[in-house]
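What follows is upload.txt (compact mmCIF, C-alpha atoms).
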```txt
# COMPACT_ATOMS: atom_id res chain seq x y z
CA MET A 1007 48.85 -16.27 17.55
CA ALA A 1008 48.68 -14.15 14.42
CA THR A 1009 48.11 -16.17 11.30
CA GLU A 1010 49.45 -15.27 7.91
CA SER A 1011 46.07 -14.01 6.80
CA GLN A 1012 45.69 -11.89 9.92
CA GLN A 1013 49.09 -10.36 9.33
CA GLN A 1014 48.13 -9.54 5.78
CA THR A 1015 44.90 -7.92 6.92
CA GLY A 1016 46.53 -5.63 9.43
CA THR A 1017 44.19 -2.75 8.51
CA LEU A 1018 41.12 -4.61 9.71
CA LYS A 1019 38.90 -2.84 12.19
CA PRO A 1020 37.96 -4.55 15.45
CA GLY A 1021 35.79 -7.55 14.79
CA PRO A 1022 32.02 -7.61 15.09
CA VAL A 1023 30.27 -8.43 18.36
CA PRO A 1024 30.81 -12.12 19.07
CA HIS A 1025 27.75 -14.10 18.15
CA ASN A 1026 25.81 -14.87 21.31
CA PRO A 1027 22.67 -16.86 20.47
CA GLU A 1028 21.22 -16.58 23.98
CA GLU A 1029 21.45 -12.80 24.01
CA ASP A 1030 19.97 -12.75 20.53
CA ALA A 1031 17.07 -14.86 21.75
CA ASP A 1032 16.39 -12.40 24.58
CA LEU A 1033 16.48 -9.49 22.14
CA VAL A 1034 14.19 -11.27 19.70
CA ARG A 1035 11.68 -11.94 22.48
CA ALA A 1036 11.88 -8.31 23.61
CA ALA A 1037 11.40 -7.15 20.03
CA SER A 1038 8.44 -9.46 19.45
CA SER A 1039 5.98 -8.37 22.12
CA GLY A 1040 5.07 -5.54 24.41
CA ASN A 1041 5.36 -1.81 24.02
CA LEU A 1042 6.30 -0.82 20.49
CA HIS A 1043 8.84 1.70 21.68
CA TYR A 1044 10.79 -0.93 23.60
CA ARG A 1045 10.37 -3.47 20.83
CA HIS A 1046 12.08 -1.03 18.49
CA ARG A 1047 14.89 -0.50 20.94
CA ALA A 1048 15.53 -4.24 21.25
CA PHE A 1049 15.47 -4.64 17.49
CA ALA A 1050 17.87 -1.73 17.09
CA VAL A 1051 20.42 -3.67 19.11
CA LEU A 1052 20.08 -6.55 16.67
CA VAL A 1053 20.62 -4.12 13.81
CA VAL A 1054 23.73 -2.71 15.45
CA ARG A 1055 25.09 -6.20 16.03
CA TYR A 1056 24.80 -7.63 12.58
CA GLU A 1057 24.28 -4.94 9.94
CA ARG A 1058 27.97 -4.85 9.09
CA LEU A 1059 28.21 -8.62 8.90
CA ILE A 1060 25.22 -8.76 6.58
CA ARG A 1061 26.68 -6.05 4.35
CA SER A 1062 30.00 -7.90 4.32
CA LEU A 1063 28.18 -11.06 3.26
CA LEU A 1064 26.52 -9.23 0.40
CA ARG A 1065 29.70 -7.43 -0.66
CA SER A 1066 31.59 -10.73 -0.60
CA LEU A 1067 28.98 -12.24 -2.91
CA GLY A 1068 29.32 -9.42 -5.41
CA ALA A 1069 26.85 -6.74 -4.39
CA ARG A 1070 28.03 -3.17 -4.84
CA THR A 1071 28.05 -0.89 -1.81
CA ALA A 1072 24.68 0.75 -2.53
CA GLU A 1073 23.11 -2.61 -3.41
CA ALA A 1074 24.44 -4.16 -0.22
CA GLU A 1075 22.96 -1.32 1.83
CA GLU A 1076 19.60 -1.62 0.16
CA ILE A 1077 19.42 -5.38 0.57
CA THR A 1078 20.56 -5.14 4.18
CA GLN A 1079 17.76 -2.70 4.89
CA GLU A 1080 15.19 -4.87 3.16
CA ALA A 1081 16.44 -7.93 5.02
CA TYR A 1082 16.06 -6.23 8.38
CA LEU A 1083 12.61 -4.89 7.54
CA SER A 1084 11.55 -8.34 6.44
CA ALA A 1085 12.99 -9.80 9.64
CA TRP A 1086 11.02 -7.26 11.68
CA ARG A 1087 7.78 -8.08 9.90
CA ASN A 1088 8.27 -11.83 10.32
CA LEU A 1089 9.87 -11.90 13.75
CA SER A 1090 6.91 -13.72 15.26
CA SER A 1091 7.39 -16.58 12.80
CA LEU A 1092 10.91 -17.29 14.06
CA ARG A 1093 10.41 -20.46 16.07
CA GLN A 1094 13.93 -20.60 17.49
CA PRO A 1095 14.86 -17.06 18.53
CA GLU A 1096 18.42 -18.12 19.31
CA ARG A 1097 18.84 -18.77 15.58
CA PHE A 1098 18.17 -15.15 14.67
CA LEU A 1099 21.51 -14.63 12.92
CA PRO A 1100 21.35 -17.70 10.63
CA TRP A 1101 17.75 -16.72 9.83
CA LEU A 1102 18.71 -13.14 9.04
CA LYS A 1103 21.61 -14.26 6.84
CA GLN A 1104 19.25 -16.50 4.91
CA ILE A 1105 16.79 -13.67 4.41
CA ALA A 1106 19.60 -11.45 3.14
CA TYR A 1107 20.96 -14.16 0.84
CA ARG A 1108 17.50 -14.85 -0.62
CA GLN A 1109 17.02 -11.16 -1.17
CA PHE A 1110 20.42 -11.00 -2.84
CA LEU A 1111 19.54 -13.87 -5.19
CA ARG A 1112 16.28 -12.16 -6.10
CA SER A 1113 17.79 -8.71 -6.54
CA ILE A 1114 21.04 -9.23 -8.40
CA ARG A 1115 21.39 -11.53 -11.37
CA PRO A 1116 24.63 -13.54 -11.60
CA ASP A 1117 25.88 -11.48 -14.56
CA GLU A 1118 25.32 -8.27 -12.57
CA ARG A 1119 27.46 -9.30 -9.63
CA ALA A 1120 30.67 -7.40 -9.17
CA LEU A 1121 32.90 -9.92 -7.49
CA PRO A 1122 35.99 -8.33 -6.02
CA ASP A 1123 39.01 -8.60 -8.29
CA GLU A 1124 40.90 -10.63 -5.77
CA TYR A 1125 38.61 -13.62 -6.31
CA ALA A 1126 40.04 -13.80 -9.79
CA GLY A 1127 43.55 -13.89 -8.40
CA ALA A 1128 44.20 -10.23 -9.07
CA SER A 1129 46.42 -8.34 -6.68
CA THR A 1130 44.66 -5.87 -4.43
CA GLN A 1131 47.21 -4.27 -2.19
CA ASP A 1132 44.80 -1.95 -0.46
CA GLN A 1133 42.37 -4.59 0.69
CA PRO A 1134 44.08 -7.94 1.05
CA TRP A 1135 41.06 -9.67 2.52
CA ILE A 1136 42.16 -13.06 1.35
CA ASP A 1137 45.76 -14.12 1.53
CA ARG A 1138 47.62 -14.41 -1.74
CA GLU A 1139 47.83 -18.18 -1.77
CA LEU A 1140 44.10 -18.70 -1.38
CA ARG A 1141 43.36 -15.96 -3.91
CA THR A 1142 45.36 -17.94 -6.41
CA VAL A 1143 43.52 -21.17 -5.77
CA LEU A 1144 40.09 -19.53 -5.64
CA ALA A 1145 40.69 -18.45 -9.20
CA TYR A 1146 40.44 -22.11 -10.24
CA CYS A 1147 36.83 -22.22 -9.08
CA THR A 1148 33.80 -21.04 -10.95
CA ARG A 1149 31.87 -18.08 -9.56
CA ASP A 1150 29.21 -20.39 -8.25
CA GLU A 1151 31.78 -22.51 -6.49
CA GLN A 1152 33.42 -19.41 -5.03
CA GLU A 1153 30.03 -18.33 -3.74
CA LEU A 1154 29.46 -21.68 -2.05
CA LEU A 1155 32.89 -21.61 -0.41
CA ILE A 1156 32.31 -18.09 0.86
CA LEU A 1157 28.86 -18.92 2.20
CA CYS A 1158 30.05 -22.06 3.96
CA TYR A 1159 33.44 -21.09 5.28
CA ALA A 1160 33.31 -17.31 5.77
CA PHE A 1161 29.67 -16.93 6.79
CA GLU A 1162 28.92 -20.36 8.25
CA PHE A 1163 25.91 -21.26 6.15
CA THR A 1164 24.91 -24.89 6.35
CA ILE A 1165 24.33 -26.89 3.19
CA GLY A 1166 20.65 -27.06 4.10
CA GLU A 1167 20.40 -23.28 4.42
CA ILE A 1168 22.03 -22.71 1.04
CA ALA A 1169 19.83 -25.34 -0.57
CA ALA A 1170 16.70 -23.82 0.96
CA SER A 1171 17.70 -20.33 -0.15
CA ARG A 1172 18.35 -21.50 -3.70
CA SER A 1173 15.34 -23.83 -3.75
CA VAL A 1174 17.42 -26.81 -4.79
CA ALA A 1175 18.09 -30.19 -3.20
CA SER A 1176 20.75 -30.41 -0.52
CA GLY A 1177 22.49 -33.12 -2.54
CA THR A 1178 23.07 -30.67 -5.38
CA ILE A 1179 24.81 -28.20 -3.09
CA LYS A 1180 26.76 -30.98 -1.43
CA SER A 1181 28.16 -32.25 -4.73
CA GLN A 1182 28.98 -28.72 -5.95
CA LEU A 1183 30.78 -28.00 -2.72
CA HIS A 1184 32.65 -31.28 -2.92
CA ARG A 1185 33.81 -30.38 -6.42
CA ALA A 1186 34.98 -26.95 -5.27
CA ARG A 1187 36.84 -28.42 -2.32
CA GLN A 1188 38.56 -30.93 -4.55
CA LYS A 1189 39.75 -28.11 -6.81
CA ILE A 1190 41.07 -26.16 -3.84
CA LYS A 1191 42.75 -29.23 -2.43
CA THR A 1192 44.42 -30.02 -5.73
CA SER A 1193 45.47 -26.42 -6.30
CA LEU A 1194 46.91 -26.04 -2.82
CA GLY A 1195 48.85 -29.25 -3.32
CA GLU A 1196 50.17 -28.07 -6.67
CA ASN A 1197 51.12 -24.59 -5.52
CA GLN A 1198 52.70 -25.35 -2.22
CA PRO A 1199 53.40 -28.98 -1.56
CA GLY A 1200 54.30 -29.93 1.98
CA ASP A 1201 52.88 -28.96 5.32
CA GLN A 1202 52.90 -25.19 5.00
CA HIS A 1203 49.20 -24.57 5.60
CA ASN A 1204 49.04 -25.50 9.22
CA GLY A 1205 50.95 -22.55 10.64
CA MET B 77 45.91 -33.04 3.01
CA ASP B 78 42.85 -34.46 4.75
CA ASP B 79 39.38 -32.97 4.71
CA GLN B 80 39.61 -31.50 8.21
CA ALA B 81 42.84 -29.67 7.39
CA LEU B 82 41.27 -28.28 4.23
CA ASP B 83 38.21 -27.13 6.18
CA ALA B 84 40.45 -25.41 8.73
CA ILE B 85 42.44 -23.61 6.01
CA LEU B 86 39.32 -22.42 4.21
CA ARG B 87 37.64 -21.31 7.41
CA GLU B 88 40.69 -19.42 8.62
CA ARG B 89 41.60 -17.76 5.36
CA LEU B 90 38.10 -16.78 4.29
CA ALA B 91 37.18 -15.42 7.75
CA PRO B 92 38.42 -11.87 6.96
CA LEU B 93 35.56 -11.57 4.47
CA ARG B 94 33.26 -11.17 7.47
CA GLN B 95 34.65 -7.67 7.84
CA VAL B 96 34.99 -6.74 4.20
CA ASP B 97 32.40 -3.96 4.37
CA GLU B 98 33.72 -0.60 5.47
CA ALA B 99 30.76 1.62 4.64
CA PRO B 100 29.35 3.84 7.40
CA SER B 101 26.78 2.32 9.69
CA GLN B 102 23.21 2.35 8.39
CA VAL B 103 21.55 1.59 11.71
CA ARG B 104 19.79 4.96 11.81
CA SER B 105 18.58 4.60 8.26
CA ILE B 106 17.16 1.14 8.95
CA MET B 107 15.48 2.20 12.19
CA ASP B 108 14.06 5.38 10.62
CA THR B 109 12.50 3.33 7.84
CA LEU B 110 11.17 0.86 10.35
CA ASP B 111 9.69 3.68 12.43
CA LYS B 112 7.94 5.09 9.39
CA GLN B 113 6.56 1.72 8.37
CA THR B 114 5.20 0.99 11.81
CA ALA B 115 4.07 4.60 12.35
CA LEU B 116 5.81 4.86 15.67
CA PRO B 117 6.00 8.51 16.68
CA ARG B 118 9.54 9.73 17.30
CA ILE B 119 9.31 10.34 21.04
CA THR B 120 11.88 10.17 23.75
CA ALA B 121 11.57 8.07 26.85
CA ARG B 122 10.85 11.22 28.90
CA SER B 123 8.02 12.42 26.66
CA HIS B 124 6.78 8.87 26.53
CA ASP B 125 6.41 8.93 30.31
CA TRP B 126 4.55 12.25 30.12
CA LEU B 127 2.16 10.81 27.57
CA LEU B 128 1.44 7.89 29.85
CA LEU B 129 0.81 10.21 32.78
CA ALA B 130 -1.55 12.34 30.70
CA ALA B 131 -3.42 9.22 29.60
CA TRP B 132 -3.63 8.06 33.18
CA LEU B 133 -5.06 11.40 34.34
CA LEU B 134 -7.59 11.40 31.53
CA ALA B 135 -8.70 7.88 32.36
CA THR B 136 -8.99 8.83 36.00
CA LEU B 137 -11.12 11.88 35.25
CA VAL B 138 -13.39 9.91 32.99
CA ALA B 139 -13.75 7.11 35.51
CA LEU B 140 -14.39 9.42 38.46
CA PRO B 141 -18.07 10.27 37.93
CA LEU B 142 -18.87 6.91 36.47
CA LEU B 143 -17.62 4.82 39.35
CA SER B 144 -18.68 7.07 42.16
CA GLN B 145 -22.19 7.29 40.70
CA LEU B 146 -22.19 10.96 41.60
CA ASP B 147 -22.88 13.80 39.26
CA LEU B 148 -19.95 16.08 38.47
CA ALA B 149 -21.61 19.09 40.06
CA ALA B 150 -21.80 17.41 43.45
CA VAL B 151 -18.17 16.36 43.27
CA SER B 152 -17.11 19.81 42.23
CA HIS B 153 -19.11 21.40 45.01
CA ALA B 154 -17.67 19.07 47.61
CA LEU B 155 -14.10 19.68 46.44
CA THR B 156 -14.31 23.45 46.21
CA ASN B 157 -16.73 24.54 48.94
CA SER B 158 -16.46 22.03 51.69
CA PRO B 159 -13.49 22.35 54.05
CA VAL B 160 -13.72 18.63 54.82
CA PRO B 161 -14.37 16.28 51.87
CA ALA B 162 -17.61 14.45 52.17
CA PRO B 163 -17.37 10.68 52.59
CA THR B 164 -18.88 10.15 49.17
CA THR B 165 -16.20 12.34 47.61
CA LEU B 166 -13.46 10.42 49.36
CA LEU B 167 -15.05 7.24 48.13
CA SER B 168 -15.18 8.50 44.57
CA LEU B 169 -11.58 9.66 44.68
CA GLY B 170 -10.50 6.30 46.05
CA ALA B 171 -12.40 4.51 43.30
CA ALA B 172 -10.84 6.75 40.68
CA LEU B 173 -7.38 6.10 42.08
CA LEU B 174 -8.04 2.38 41.98
CA VAL B 175 -9.15 2.59 38.38
CA GLY B 176 -6.07 4.65 37.58
CA LEU B 177 -3.82 2.08 39.14
CA LEU B 178 -5.48 -0.61 37.07
CA VAL B 179 -5.37 1.37 33.85
CA TYR B 180 -1.79 2.64 34.12
CA PRO B 181 -0.07 -0.76 33.71
CA MET B 182 -2.24 -1.49 30.70
CA LEU B 183 -1.25 1.78 29.11
CA SER B 184 2.42 1.38 29.91
CA ASP B 185 2.56 -2.12 28.43
```
Represent the structure of the file as structure tokens.
Amino acid sequence: MATESQQQTGTLKPGPVPHNPEEDADLVRAASSGNLHYRHRAFAVLVVRYERLIRSLLRSLGARTAEAEEITQEAYLSAWRNLSSLRQPERFLPWLKQIAYRQFLRSIRPDERALPDEYAGASTQDQPWIDRELRTVLAYCTRDEQELLILCYAFEFTIGEIAASRSVASGTIKSQLHRARQKIKTSLGENQPGDQHNG
Amino acid sequence: MDDQALDAILRERLAPLRQVDEAPSQVRSIMDTLDKQTALPRITARSHDWLLLAAWLLATLVALPLLSQLDLAAVSHALTNSPVPAPTTLLSLGAALLVGLLVYPMLSD
């Protein structure tokens, strides 16, 4: 069933490879030991699988195209160097996303981030990534709150992962996220009362 | 609106951000950099196999005189002048083959 947001994003390319933790684990093991040539080949599959997702994460957080590419590359190189330290190989993707997010926080200061105009409620006809209604309510949130919402709901970060990446307590993230959700809830209620969000 | 409904709305409507990047793939760039950093020579699987074979032959040749406890001249003489290989030569070749079989898996790992 096509949702409203899917209809509005009709220009989207086919989605990324579905996340398969077991296959990832096999690839991580293959990339961790043995002949270097075959290790590279296994790691290349992991690059193919997630490089676009990682760049999308970075672009969504406000990195420019070139910055996103650079950070993605650094994240993968760091992942390669530290692959043996990954205790749960099936958690490669969450681990890689955290590496990329940490790198993003280190590389781009908050005032240097170029958040897409649509987060501020502006109309972007060419790339309607977020449906109009949510664009409007996202504009009520601060940039930090927008970032938390994007990390949690678009890229499936846990509160613990965000807290660890930012080196803050989980409770801090939890309360910030609660505040952001309250704003969204209130705004959605104000803009479109009734049961119009469930279709 | 309850919390679960709000979660569902946010998850559904922010999901398109997972595909927001449309830049060309940088897989080659990443792998090239990784190759340079780990100093892996750019070789194909076929040339890789040839390298392994060459290493195997070299190891075999080196091991031949050592394991057979014969001097190279005697082996050479037996191989080139004798119509029937001497038992010691057969023994040395067998030993070399054995060593080669042992060395090859180590090289190919």
Excluding region 1094-1109 of chain A and any residue of its chain fewer than 3 positions from it, enumerate the residues within 6 Å of it, using all atoms listed in the file, and give them as number ranges by chain.
-> A: 1027-1028, 1030-1031, 1034, 1081, 1112-1113, 1171
Counting all atoms listed in the file, which of B:Ala84, B:Ala130, B:Val96, B:Ala171 gets nearest to chain A?
-> B:Val96
Shell around region 98-103 of chain B at 7 Å using only C-alpha atoms, local window under 4 positions removed, as a PyMOL selection string | (chain A and resi 1053-1054) or (chain B and resi 107)
Could you state the separation of CA of Ala1186 (chain A) and CA of Gln1152 (chain A) in Å, given to one decimal place?
-> 7.7 Å
Counting all atoms listed in the file, give me one row per residue of chain B with an atom at most 7 Å from an atom of chain A, showing the shortest contact pair and its distance in Å to one decimal, sorted by chain then residue number, as a Markdown table.
```
| residue | atom | partner | partner_atom | distance |
| --- | --- | --- | --- | --- |
| B:Leu82 | CA | A:Lys1191 | CA | 6.9 |
| B:Ile85 | CA | A:His1203 | CA | 6.8 |
| B:Leu86 | CA | A:Tyr1159 | CA | 6.1 |
| B:Arg87 | CA | A:Tyr1159 | CA | 4.7 |
| B:Arg89 | CA | A:Ser1011 | CA | 6.0 |
| B:Leu90 | CA | A:Ala1160 | CA | 5.0 |
| B:Ala91 | CA | A:Ala1160 | CA | 4.7 |
| B:Pro92 | CA | A:Trp1135 | CA | 5.6 |
| B:Leu93 | CA | A:Trp1135 | CA | 6.1 |
| B:Arg94 | CA | A:Ser1062 | CA | 5.6 |
| B:Gln95 | CA | A:Ser1062 | CA | 5.8 |
| B:Val96 | CA | A:Ser1062 | CA | 5.1 |
| B:Asp97 | CA | A:Ser1062 | CA | 4.6 |
| B:Val103 | CA | A:Val1054 | CA | 6.1 |
| B:Ile106 | CA | A:Gln1079 | CA | 5.6 |
| B:Met107 | CA | A:Ala1050 | CA | 6.7 |
| B:Leu110 | CA | A:Leu1083 | CA | 6.6 |
| B:Asp185 | CA | A:Asn1041 | CA | 5.2 |
```
How many Å separate CA of Ser1181 (chain A) from CA of Asp1150 (chain A)?
->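 If I compute the distance from CA of Ser1181 (chain A) to CA of Asp1150 (chain A), I get 12.4 Å.
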For CA of Trp132 (chain B) and CA of Ala172 (chain B), the interatomic separation in Å (one decimal) | 10.5 Å
Fewer than 4 positions away in the same chain doesn't count, so skip those; otherwise give me all residues within 12 Å of Thr1148 (chain A), counting all atoms listed in the file, as number ranges by chain.
-> A: 1116, 1121, 1125-1126, 1143-1144, 1152-1155, 1182-1183, 1185-1187, 1189-1190
